[in-house]
Amino acid sequence: MISQDSIEALKAQLDIVDVVGSYIEIKKAGANFKAPCPFHDEKSPSFVISPAKQIYHCFGCGAGGDAIKFTMEYEKLNYPEAIEKLADTYNFTLHYENNSSFKKEKSLLIEKLGEYYVSLLPKTPKALSYLKERGVFESSIERFSIGYAPASSLSINFLKQQMFNIPEAIELGVVGEGENSIYARFIERITFPIYSTNATLVGFGGRTITNHQAKYINSPQSKIFNKSRLLYAYHLAKETIYRKKEIIITEGYLDVVMLHQAGFTQAVATLGTALTNEHLPLLRKGEPRIVMAYDGDSAGEKAAIKAAMLLSASGFDGGVVLFQGGLDPADMVKSGQIEELNRLFLTPVSFIEFVLTKITQNYDLNTPKEKEAALNESIAYLKTLSPLLQEEYRPFLASILAINPSLVRLTRTNTQTHTPIDFSRHDIWELSLIKTIIEYPSFANQILDYIKPSLFNYHRQEFELVLASKFDDPRIMAISIDPKINSFETDEILKSELITFLANHYNKELKKIKSQNTIEFDKKIFLIRSYRNKIERLKKGELVNFEG
């Protein structure tokens, strides 16, 4: 069993924004972050993450909790499994009740295999010669832990000699399984280790030096490796990305290595896949300007168009650089064209201009029907953008097509945001009092001297929940995280609000008693005098204890 102290220490290191943001795309919304809920289908984002309270809550389906709860729900794990996954992701060593340390064998397996590959590179002249020809410095080889994977049998023997579990190696994707035998995934290839954002080795990329049909291969998908969520060298680039507010995304490992070598240490690469929605949470971090640096061939152009459409529709700032003449960033660094690279990265074609230009280039604009088709496709793309951007790029599209801007007819995007709580059916004062106890538990006893659950018309259950300190209940988290509900922050404000509420309450009770004819006369007179006395004292600024 994992020790409670160890769990608490892990919790102290977790950031709810970082954890949730590694799974889904989130956007800043005031002091909080918002996103479409990953646990139910919705059009308007009602999923809120609070950095201050380190919790999340969906106002649509009611899901809520902390970083561990989110990992459990998203990954479909039980509590210990979620803790172990988070510990593995954030390189945290757990301790168990028997005081033994926990370190996943599979992480150690990959680390040791990576060290083995690195040790073999200096002993492999053909691999070193290739790297030298591409202009890679020894310092870059060391910085990126570039290695060499030998013949399959040698890698298998190494794992066995190190007493590693072969089924574990298969699960991690470093070993494959045929009908009658097992084999190493990476054979006679230069290896590029792939790390998670927190610098944990999770897989490899491999470049053939034996003219294999597959020039590059990557580790297959596994429990710790998802190529659609990772970017090569992000762990090395993130400091520069946050500082310069810029990220350069390329298509290849060597492009990244050479760009870092030339001083562009904000460069990363996709892992043999197109940019996808799953990459967006990682790209959001630090809110950088994004430069897509892709090859100018047909495949590179198509990938750049797809990426530019995705990024512009998702609200990212940046642009595209296409390398022409068969060159790529690595080639330009080798040939010393650093200033030219810098100029290209400083002046990319903006995402929207790039997409609109490429769309219209697919049509013969001298033909009216073709021009109309180009207009319709371009409008369809513009409708994925915000209303302001639609208007801003209407003249640009019109100029490309040589038509009157009035012909670029755009339907405005519905920008109405989700309202977390329908206040027409909720008493905001009750919610504010509940939030006060959530944020200032020391006020609870003071409040209970004057307010009882029976006085609540709308939120009695929630009031009773906070009195029982059940702050992890989804209803309580909803109140805690809702920016439209304000707490009563000081003794003076709280006292004033209680006086006003109680005065209104006793005035209502006084009117009820006066209109009732079913109670005894003496009791009626007593209650009338009692309520009048309370009201007078409240008017003088004196709080009066509640009496049922």
# chains A, B, ... in the order shown; residues from 1 in each chain; ligands from 1
call {"tool": "residues_around", "arguments": {"residues": "region 40-51 of chain A", "least_positions_apart": "3", "cutoff": "10 Å", "atoms": "only C-alpha atoms", "output": "ChimeraX atom specification"}}
result
/A:15-18,20-21,26-29,31-37,54-66,415-420,477-478,480-482
call {"tool": "closest_atom_pairs", "arguments": {"of": "region 252-354 of chain A", "to": "region 177-194 of chain A", "cutoff": "10 Å", "atoms": "only C-alpha atoms", "output": "CSV"}}
result
residue,atom,partner,partner_atom,distance
A:Tyr253,CA,A:Phe192,CA,7.4
A:Leu254,CA,A:Phe192,CA,9.2
A:Val257,CA,A:Phe192,CA,9.9
A:Leu271,CA,A:Ile194,CA,9.0
call {"tool": "write_last_selection", "arguments": {"atoms": "N, CA and C atoms", "output": "tab-separated table (two decimals), in the first residue's frame"}}
result
chain	number	residue	atom	x	y	z
A	253	TYR	N	13.86	15.00	-36.81
A	253	TYR	CA	14.76	15.03	-35.65
A	253	TYR	C	16.00	15.87	-35.94
A	254	LEU	N	16.63	15.64	-37.09
A	254	LEU	CA	17.86	16.35	-37.40
A	254	LEU	C	17.63	17.84	-37.60
A	257	VAL	N	17.81	19.08	-34.07
A	257	VAL	CA	19.19	19.03	-33.56
A	257	VAL	C	20.02	20.17	-34.14
A	271	LEU	N	6.30	13.78	-34.27
A	271	LEU	CA	6.92	12.45	-34.28
A	271	LEU	C	6.37	11.60	-35.42
call {"tool": "closest_atom_pairs", "arguments": {"of": "region 214-306 of chain A", "to": "region 131-141 of chain A", "cutoff": "12 Å", "atoms": "only C-alpha atoms", "output": "tab-separated table"}}
result
residue	atom	partner	partner_atom	distance
A:Leu236	CA	A:Ser140	CA	11.8
A:Tyr253	CA	A:Val136	CA	11.5
A:Leu254	CA	A:Val136	CA	8.3
A:Asp255	CA	A:Arg134	CA	10.2
A:Val256	CA	A:Ser140	CA	10.3
A:Val257	CA	A:Ser140	CA	6.7
A:Met258	CA	A:Val136	CA	6.6
A:Leu259	CA	A:Val136	CA	10.3
A:His260	CA	A:Ser140	CA	8.2
A:Gln261	CA	A:Ser140	CA	6.6
A:Ala262	CA	A:Ser140	CA	10.4
A:Gly263	CA	A:Ser140	CA	11.5
A:Thr265	CA	A:Ser140	CA	11.6
call {"tool": "select_by_dssp", "arguments": {"residues": "region 139-373 of chain A", "states": "strand (DSSP E or B)", "output": "PyMOL selection string"}}
result
chain A and resi 147-149+175-177+182-184+189-195+201-208+216-218+232+246-250+267-269+289-295+318-323+349-350
call {"tool": "residues_around", "arguments": {"residues": "Leu465 (chain A)", "least_positions_apart": "3", "cutoff": "12 Å", "atoms": "only C-alpha atoms", "output": "list in words"}}
result
Ile434, Lys435, Ile437, Ile438, Pro453, His459, Arg460, Gln461, Glu462, Ala468, Ser469, Lys470, Phe471, Asp472, Asp473, Pro474, Arg475, Ile476, Met477 and Ile479 of chain A
call {"tool": "write_last_selection", "arguments": {"atoms": "N, CA and C atoms", "output": "mmCIF file, in the first residue's frame"}}
result
data_model
loop_
_atom_site.group_PDB
_atom_site.id
_atom_site.type_symbol
_atom_site.label_atom_id
_atom_site.label_comp_id
_atom_site.auth_asym_id
_atom_site.auth_seq_id
_atom_site.Cartn_x
_atom_site.Cartn_y
_atom_site.Cartn_z
ATOM 1 N N ILE A 434 -22.520 30.288 1.428
ATOM 2 C CA ILE A 434 -21.879 28.967 1.348
ATOM 3 C C ILE A 434 -20.425 29.111 0.905
ATOM 4 N N LYS A 435 -20.190 29.964 -0.090
ATOM 5 C CA LYS A 435 -18.818 30.164 -0.563
ATOM 6 C C LYS A 435 -17.945 30.789 0.520
ATOM 7 N N ILE A 437 -18.106 30.133 3.719
ATOM 8 C CA ILE A 437 -17.662 29.042 4.593
ATOM 9 C C ILE A 437 -16.604 28.191 3.897
ATOM 10 N N ILE A 438 -16.753 28.000 2.578
ATOM 11 C CA ILE A 438 -15.761 27.235 1.818
ATOM 12 C C ILE A 438 -14.393 27.905 1.914
ATOM 13 N N PRO A 453 -29.856 25.813 8.771
ATOM 14 C CA PRO A 453 -30.221 25.287 7.450
ATOM 15 C C PRO A 453 -31.680 25.516 7.082
ATOM 16 N N HIS A 459 -30.741 26.319 -1.226
ATOM 17 C CA HIS A 459 -29.486 25.568 -1.143
ATOM 18 C C HIS A 459 -29.233 24.995 0.244
ATOM 19 N N ARG A 460 -30.276 24.470 0.844
ATOM 20 C CA ARG A 460 -30.118 23.882 2.171
ATOM 21 C C ARG A 460 -29.150 22.708 2.152
ATOM 22 N N GLN A 461 -29.270 21.840 1.142
ATOM 23 C CA GLN A 461 -28.391 20.668 1.063
ATOM 24 C C GLN A 461 -26.935 21.075 0.943
ATOM 25 N N GLU A 462 -26.652 22.068 0.105
ATOM 26 C CA GLU A 462 -25.279 22.525 -0.068
ATOM 27 C C GLU A 462 -24.741 23.132 1.226
ATOM 28 N N ALA A 468 -20.559 20.047 6.987
ATOM 29 C CA ALA A 468 -19.967 18.729 7.234
ATOM 30 C C ALA A 468 -18.583 18.592 6.596
ATOM 31 N N SER A 469 -18.071 19.725 6.079
ATOM 32 C CA SER A 469 -16.730 19.775 5.460
ATOM 33 C C SER A 469 -16.594 18.856 4.257
ATOM 34 N N LYS A 470 -17.698 18.642 3.533
ATOM 35 C CA LYS A 470 -17.649 17.803 2.328
ATOM 36 C C LYS A 470 -17.366 18.676 1.108
ATOM 37 N N PHE A 471 -16.150 19.233 1.101
ATOM 38 C CA PHE A 471 -15.788 20.191 0.060
ATOM 39 C C PHE A 471 -15.515 19.538 -1.292
ATOM 40 N N ASP A 472 -15.383 18.197 -1.317
ATOM 41 C CA ASP A 472 -15.125 17.519 -2.583
ATOM 42 C C ASP A 472 -16.406 17.107 -3.300
ATOM 43 N N ASP A 473 -17.569 17.447 -2.706
ATOM 44 C CA ASP A 473 -18.831 17.168 -3.388
ATOM 45 C C ASP A 473 -18.922 18.054 -4.631
ATOM 46 N N PRO A 474 -19.339 17.487 -5.781
ATOM 47 C CA PRO A 474 -19.401 18.275 -7.021
ATOM 48 C C PRO A 474 -20.203 19.561 -6.890
ATOM 49 N N ARG A 475 -21.288 19.539 -6.096
ATOM 50 C CA ARG A 475 -22.096 20.758 -5.936
ATOM 51 C C ARG A 475 -21.314 21.843 -5.203
ATOM 52 N N ILE A 476 -20.511 21.444 -4.257
ATOM 53 C CA ILE A 476 -19.710 22.415 -3.513
ATOM 54 C C ILE A 476 -18.578 22.946 -4.378
ATOM 55 N N MET A 477 -17.973 22.059 -5.177
ATOM 56 C CA MET A 477 -16.917 22.514 -6.077
ATOM 57 C C MET A 477 -17.459 23.488 -7.121
ATOM 58 N N ILE A 479 -19.853 25.661 -6.681
ATOM 59 C CA ILE A 479 -19.977 26.971 -6.020
ATOM 60 C C ILE A 479 -18.594 27.574 -5.821
#
call {"tool": "residues_around", "arguments": {"residues": "Thr360 (chain A)", "least_positions_apart": "6", "cutoff": "9 Å", "atoms": "only C-alpha atoms", "output": "list in words"}}
result
Lys371, Ala373, Ala374, Leu375, Glu377, Ser378, Leu397, Ile400 and Leu401 of chain A
call {"tool": "write_last_selection", "arguments": {"atoms": "C-alpha atoms", "output": "PDB file, in the first residue's frame"}}
result
ATOM      1  CA  LYS A 371     -13.593  31.368 -58.828  1.00  0.00           C
ATOM      2  CA  ALA A 373     -15.803  27.409 -55.863  1.00  0.00           C
ATOM      3  CA  ALA A 374     -12.642  29.034 -54.498  1.00  0.00           C
ATOM      4  CA  LEU A 375     -14.799  31.686 -52.791  1.00  0.00           C
ATOM      5  CA  GLU A 377     -14.219  26.964 -49.896  1.00  0.00           C
ATOM      6  CA  SER A 378     -12.455  30.034 -48.519  1.00  0.00           C
ATOM      7  CA  LEU A 397      -9.752  37.212 -49.699  1.00  0.00           C
ATOM      8  CA  ILE A 400      -6.895  37.488 -54.061  1.00  0.00           C
ATOM      9  CA  LEU A 401     -10.063  36.700 -55.995  1.00  0.00           C
TER      10      LEU A 401
END
call {"tool": "select_by_dssp", "arguments": {"residues": "region 7-92 of chain A", "states": "alpha helix (DSSP H)", "output": "ChimeraX atom specification"}}
result
/A:7-13,16-21,67-75,79-89
call {"tool": "write_last_selection", "arguments": {"atoms": "C-alpha atoms", "output": "mmCIF file, in the first residue's frame"}}
result
data_model
loop_
_atom_site.group_PDB
_atom_site.id
_atom_site.type_symbol
_atom_site.label_atom_id
_atom_site.label_comp_id
_atom_site.auth_asym_id
_atom_site.auth_seq_id
_atom_site.Cartn_x
_atom_site.Cartn_y
_atom_site.Cartn_z
ATOM 1 C CA ILE A 7 0.504 10.556 -1.579
ATOM 2 C CA GLU A 8 0.357 13.958 0.112
ATOM 3 C CA ALA A 9 3.872 14.776 -1.086
ATOM 4 C CA LEU A 10 2.882 13.873 -4.642
ATOM 5 C CA LYS A 11 -0.257 16.022 -4.410
ATOM 6 C CA ALA A 12 1.871 18.966 -3.305
ATOM 7 C CA GLN A 13 3.904 18.673 -6.522
ATOM 8 C CA ILE A 16 -4.152 20.771 -11.771
ATOM 9 C CA VAL A 17 -3.680 23.005 -14.842
ATOM 10 C CA ASP A 18 -0.618 21.060 -15.965
ATOM 11 C CA VAL A 19 -2.260 17.673 -15.372
ATOM 12 C CA VAL A 20 -5.554 18.467 -17.120
ATOM 13 C CA GLY A 21 -3.751 20.469 -19.820
ATOM 14 C CA ALA A 67 -5.664 16.069 -10.321
ATOM 15 C CA ILE A 68 -5.772 12.469 -9.122
ATOM 16 C CA LYS A 69 -9.545 12.221 -9.650
ATOM 17 C CA PHE A 70 -9.200 13.625 -13.176
ATOM 18 C CA THR A 71 -6.520 11.062 -14.039
ATOM 19 C CA MET A 72 -8.719 8.281 -12.665
ATOM 20 C CA GLU A 73 -11.726 9.368 -14.719
ATOM 21 C CA TYR A 74 -9.871 10.178 -17.934
ATOM 22 C CA GLU A 75 -7.580 7.144 -17.964
ATOM 23 C CA TYR A 79 -6.973 5.268 -7.196
ATOM 24 C CA PRO A 80 -3.595 3.507 -6.725
ATOM 25 C CA GLU A 81 -3.128 3.181 -10.497
ATOM 26 C CA ALA A 82 -3.762 6.901 -11.004
ATOM 27 C CA ILE A 83 -1.277 7.802 -8.274
ATOM 28 C CA GLU A 84 1.353 5.538 -9.799
ATOM 29 C CA LYS A 85 0.768 6.949 -13.278
ATOM 30 C CA LEU A 86 1.115 10.540 -12.038
ATOM 31 C CA ALA A 87 4.215 9.613 -10.052
ATOM 32 C CA ASP A 88 5.720 8.044 -13.170
ATOM 33 C CA THR A 89 4.780 11.026 -15.349
#
call {"tool": "closest_residue", "arguments": {"among": "A:Met163, A:Leu121, A:Pro220, A:Glu168", "to": "Ser145 (chain A)", "atoms": "only C-alpha atoms"}}
result
A:Leu121
call {"tool": "residues_around", "arguments": {"residues": "region 282-294 of chain A", "least_positions_apart": "2", "cutoff": "6 Å", "atoms": "only C-alpha atoms", "output": "ChimeraX atom specification"}}
result
/A:242,245-250,279-280,300,317-322
call {"tool": "atom_distance", "arguments": {"atom1": "CA of Pro125 (chain A)", "atom2": "CA of Leu159 (chain A)"}}
result
23.8 Å
call {"tool": "closest_residue", "arguments": {"among": "A:Leu310, A:Ile499, A:Ala274, A:Leu201", "to": "Gly114 (chain A)", "atoms": "only C-alpha atoms"}}
result
A:Leu201
call {"tool": "closest_residue", "arguments": {"among": "A:Ser153, A:Thr200, A:Gln324, A:Ser406", "to": "Val175 (chain A)", "atoms": "only C-alpha atoms"}}
result
A:Ser153
call {"tool": "closest_residue", "arguments": {"among": "A:Thr270, A:Ile146, A:Phe443, A:Ile110", "to": "Phe158 (chain A)", "atoms": "only C-alpha atoms"}}
result
A:Ile110
call {"tool": "atom_distance", "arguments": {"atom1": "CA of Ser6 (chain A)", "atom2": "CA of Leu94 (chain A)"}}
result
5.8 Å
call {"tool": "residues_around", "arguments": {"residues": "Gln446 (chain A)", "least_positions_apart": "4", "cutoff": "10 Å", "atoms": "only C-alpha atoms", "output": "PDB file with N, CA and C atoms, in the first residue's frame"}}
result
ATOM      1  N   PRO A 441     -13.357  28.809   6.533  1.00  0.00           N
ATOM      2  CA  PRO A 441     -14.027  27.863   7.433  1.00  0.00           C
ATOM      3  C   PRO A 441     -14.165  28.367   8.866  1.00  0.00           C
ATOM      4  N   SER A 442     -13.286  29.288   9.273  1.00  0.00           N
ATOM      5  CA  SER A 442     -13.354  29.798  10.645  1.00  0.00           C
ATOM      6  C   SER A 442     -14.628  30.609  10.896  1.00  0.00           C
ATOM      7  N   TYR A 450     -26.397  32.458  14.071  1.00  0.00           N
ATOM      8  CA  TYR A 450     -27.490  33.307  13.580  1.00  0.00           C
ATOM      9  C   TYR A 450     -28.283  32.679  12.431  1.00  0.00           C
ATOM     10  N   ILE A 451     -27.672  31.713  11.719  1.00  0.00           N
ATOM     11  CA  ILE A 451     -28.301  31.108  10.546  1.00  0.00           C
ATOM     12  C   ILE A 451     -28.380  29.594  10.725  1.00  0.00           C
ATOM     13  N   ASP A 491     -15.127  40.313   8.436  1.00  0.00           N
ATOM     14  CA  ASP A 491     -16.117  40.255   9.515  1.00  0.00           C
ATOM     15  C   ASP A 491     -17.185  41.326   9.330  1.00  0.00           C
ATOM     16  N   LEU A 494     -19.503  40.370   6.413  1.00  0.00           N
ATOM     17  CA  LEU A 494     -20.336  39.238   6.817  1.00  0.00           C
ATOM     18  C   LEU A 494     -21.422  39.688   7.793  1.00  0.00           C
ATOM     19  N   LYS A 495     -21.043  40.500   8.782  1.00  0.00           N
ATOM     20  CA  LYS A 495     -22.025  40.983   9.771  1.00  0.00           C
ATOM     21  C   LYS A 495     -23.120  41.794   9.090  1.00  0.00           C
TER      22      LYS A 495
END
call {"tool": "atom_distance", "arguments": {"atom1": "CA of Lys223 (chain A)", "atom2": "CA of Pro281 (chain A)"}}
result
18.9 Å
call {"tool": "closest_residue", "arguments": {"among": "A:Thr276, A:Thr490, A:Gln516, A:Ser335", "to": "Lys306 (chain A)", "atoms": "only C-alpha atoms"}}
result
A:Thr276
call {"tool": "decode", "arguments": {"residues": "region 307-409 of chain A", "atoms": "C-alpha atoms", "output": "PDB file, in the first residue's frame"}}
result
ATOM      1  CA  ALA A 307      -1.699  22.466 -39.379  1.00  0.00           C
ATOM      2  CA  ALA A 308      -2.370  26.122 -40.219  1.00  0.00           C
ATOM      3  CA  MET A 309      -6.125  25.484 -40.446  1.00  0.00           C
ATOM      4  CA  LEU A 310      -6.102  23.669 -37.107  1.00  0.00           C
ATOM      5  CA  LEU A 311      -4.021  26.306 -35.323  1.00  0.00           C
ATOM      6  CA  SER A 312      -5.869  29.335 -36.701  1.00  0.00           C
ATOM      7  CA  ALA A 313      -9.272  27.843 -35.877  1.00  0.00           C
ATOM      8  CA  SER A 314      -7.965  27.160 -32.356  1.00  0.00           C
ATOM      9  CA  GLY A 315      -6.924  30.774 -31.839  1.00  0.00           C
ATOM     10  CA  PHE A 316      -3.140  30.407 -32.097  1.00  0.00           C
ATOM     11  CA  ASP A 317      -0.910  33.198 -33.391  1.00  0.00           C
ATOM     12  CA  GLY A 318       1.906  32.487 -35.815  1.00  0.00           C
ATOM     13  CA  GLY A 319       2.673  31.513 -39.374  1.00  0.00           C
ATOM     14  CA  VAL A 320       4.238  29.129 -41.883  1.00  0.00           C
ATOM     15  CA  VAL A 321       7.691  28.877 -43.451  1.00  0.00           C
ATOM     16  CA  LEU A 322       8.034  26.475 -46.411  1.00  0.00           C
ATOM     17  CA  PHE A 323      11.588  25.518 -47.417  1.00  0.00           C
ATOM     18  CA  GLN A 324      12.022  25.393 -51.174  1.00  0.00           C
ATOM     19  CA  GLY A 325      14.605  23.864 -53.507  1.00  0.00           C
ATOM     20  CA  GLY A 326      14.834  20.588 -51.619  1.00  0.00           C
ATOM     21  CA  LEU A 327      16.457  22.257 -48.610  1.00  0.00           C
ATOM     22  CA  ASP A 328      15.388  21.837 -44.997  1.00  0.00           C
ATOM     23  CA  PRO A 329      16.422  23.664 -41.795  1.00  0.00           C
ATOM     24  CA  ALA A 330      19.206  21.144 -41.121  1.00  0.00           C
ATOM     25  CA  ASP A 331      20.722  21.772 -44.567  1.00  0.00           C
ATOM     26  CA  MET A 332      20.606  25.537 -44.093  1.00  0.00           C
ATOM     27  CA  VAL A 333      22.329  25.335 -40.716  1.00  0.00           C
ATOM     28  CA  LYS A 334      25.068  23.121 -42.176  1.00  0.00           C
ATOM     29  CA  SER A 335      25.661  25.582 -45.009  1.00  0.00           C
ATOM     30  CA  GLY A 336      25.846  28.511 -42.583  1.00  0.00           C
ATOM     31  CA  GLN A 337      22.619  30.251 -43.637  1.00  0.00           C
ATOM     32  CA  ILE A 338      21.790  31.237 -40.060  1.00  0.00           C
ATOM     33  CA  GLU A 339      20.834  34.839 -40.855  1.00  0.00           C
ATOM     34  CA  GLU A 340      18.521  33.678 -43.629  1.00  0.00           C
ATOM     35  CA  LEU A 341      16.872  31.221 -41.249  1.00  0.00           C
ATOM     36  CA  ASN A 342      16.424  33.962 -38.681  1.00  0.00           C
ATOM     37  CA  ARG A 343      14.789  36.189 -41.301  1.00  0.00           C
ATOM     38  CA  LEU A 344      12.426  33.411 -42.363  1.00  0.00           C
ATOM     39  CA  PHE A 345      11.373  32.656 -38.789  1.00  0.00           C
ATOM     40  CA  LEU A 346      10.791  36.348 -38.068  1.00  0.00           C
ATOM     41  CA  THR A 347       8.612  36.811 -41.154  1.00  0.00           C
ATOM     42  CA  PRO A 348       6.458  33.703 -41.669  1.00  0.00           C
ATOM     43  CA  VAL A 349       3.266  33.875 -43.710  1.00  0.00           C
ATOM     44  CA  SER A 350       0.418  34.175 -41.208  1.00  0.00           C
ATOM     45  CA  PHE A 351      -1.727  31.062 -40.828  1.00  0.00           C
ATOM     46  CA  ILE A 352      -4.866  32.640 -42.285  1.00  0.00           C
ATOM     47  CA  GLU A 353      -3.147  34.289 -45.258  1.00  0.00           C
ATOM     48  CA  PHE A 354      -1.297  31.036 -45.958  1.00  0.00           C
ATOM     49  CA  VAL A 355      -4.474  28.936 -45.949  1.00  0.00           C
ATOM     50  CA  LEU A 356      -6.500  31.376 -48.064  1.00  0.00           C
ATOM     51  CA  THR A 357      -3.656  31.672 -50.591  1.00  0.00           C
ATOM     52  CA  LYS A 358      -3.248  27.901 -50.882  1.00  0.00           C
ATOM     53  CA  ILE A 359      -7.009  27.324 -51.196  1.00  0.00           C
ATOM     54  CA  THR A 360      -7.355  29.798 -54.053  1.00  0.00           C
ATOM     55  CA  GLN A 361      -4.256  28.439 -55.822  1.00  0.00           C
ATOM     56  CA  ASN A 362      -6.109  25.161 -56.313  1.00  0.00           C
ATOM     57  CA  TYR A 363      -8.573  26.834 -58.698  1.00  0.00           C
ATOM     58  CA  ASP A 364      -8.406  28.517 -62.100  1.00  0.00           C
ATOM     59  CA  LEU A 365      -9.483  32.020 -61.077  1.00  0.00           C
ATOM     60  CA  ASN A 366      -9.919  33.022 -64.701  1.00  0.00           C
ATOM     61  CA  THR A 367     -12.978  30.768 -64.836  1.00  0.00           C
ATOM     62  CA  PRO A 368     -16.105  32.171 -63.085  1.00  0.00           C
ATOM     63  CA  LYS A 369     -17.261  28.770 -61.818  1.00  0.00           C
ATOM     64  CA  GLU A 370     -13.793  27.954 -60.471  1.00  0.00           C
ATOM     65  CA  LYS A 371     -13.593  31.368 -58.828  1.00  0.00           C
ATOM     66  CA  GLU A 372     -16.978  30.792 -57.189  1.00  0.00           C
ATOM     67  CA  ALA A 373     -15.803  27.409 -55.863  1.00  0.00           C
ATOM     68  CA  ALA A 374     -12.642  29.034 -54.498  1.00  0.00           C
ATOM     69  CA  LEU A 375     -14.799  31.686 -52.791  1.00  0.00           C
ATOM     70  CA  ASN A 376     -17.095  29.095 -51.208  1.00  0.00           C
ATOM     71  CA  GLU A 377     -14.219  26.964 -49.896  1.00  0.00           C
ATOM     72  CA  SER A 378     -12.455  30.034 -48.519  1.00  0.00           C
ATOM     73  CA  ILE A 379     -15.629  31.246 -46.791  1.00  0.00           C
ATOM     74  CA  ALA A 380     -16.112  27.808 -45.250  1.00  0.00           C
ATOM     75  CA  TYR A 381     -12.630  28.100 -43.765  1.00  0.00           C
ATOM     76  CA  LEU A 382     -13.133  31.677 -42.554  1.00  0.00           C
ATOM     77  CA  LYS A 383     -16.278  30.583 -40.698  1.00  0.00           C
ATOM     78  CA  THR A 384     -14.075  28.474 -38.426  1.00  0.00           C
ATOM     79  CA  LEU A 385     -12.514  31.699 -37.136  1.00  0.00           C
ATOM     80  CA  SER A 386     -13.757  34.361 -34.736  1.00  0.00           C
ATOM     81  CA  PRO A 387     -16.110  37.065 -36.090  1.00  0.00           C
ATOM     82  CA  LEU A 388     -13.384  39.706 -35.779  1.00  0.00           C
ATOM     83  CA  LEU A 389     -10.888  37.669 -37.823  1.00  0.00           C
ATOM     84  CA  GLN A 390     -13.560  36.915 -40.403  1.00  0.00           C
ATOM     85  CA  GLU A 391     -14.072  40.627 -40.922  1.00  0.00           C
ATOM     86  CA  GLU A 392     -10.351  41.402 -40.907  1.00  0.00           C
ATOM     87  CA  TYR A 393      -9.594  38.874 -43.659  1.00  0.00           C
ATOM     88  CA  ARG A 394     -12.625  39.619 -45.840  1.00  0.00           C
ATOM     89  CA  PRO A 395     -10.677  42.290 -47.843  1.00  0.00           C
ATOM     90  CA  PHE A 396      -7.651  39.997 -48.170  1.00  0.00           C
ATOM     91  CA  LEU A 397      -9.752  37.212 -49.699  1.00  0.00           C
ATOM     92  CA  ALA A 398     -11.515  39.666 -51.977  1.00  0.00           C
ATOM     93  CA  SER A 399      -8.165  40.989 -53.229  1.00  0.00           C
ATOM     94  CA  ILE A 400      -6.895  37.488 -54.061  1.00  0.00           C
ATOM     95  CA  LEU A 401     -10.063  36.700 -55.995  1.00  0.00           C
ATOM     96  CA  ALA A 402     -10.257  40.212 -57.506  1.00  0.00           C
ATOM     97  CA  ILE A 403     -13.876  40.643 -56.418  1.00  0.00           C
ATOM     98  CA  ASN A 404     -15.871  43.187 -54.440  1.00  0.00           C
ATOM     99  CA  PRO A 405     -15.544  42.553 -50.655  1.00  0.00           C
ATOM    100  CA  SER A 406     -19.345  42.669 -50.381  1.00  0.00           C
ATOM    101  CA  LEU A 407     -19.443  39.318 -52.181  1.00  0.00           C
ATOM    102  CA  VAL A 408     -17.575  37.702 -49.280  1.00  0.00           C
ATOM    103  CA  ARG A 409     -20.682  37.000 -47.218  1.00  0.00           C
TER     104      ARG A 409
END
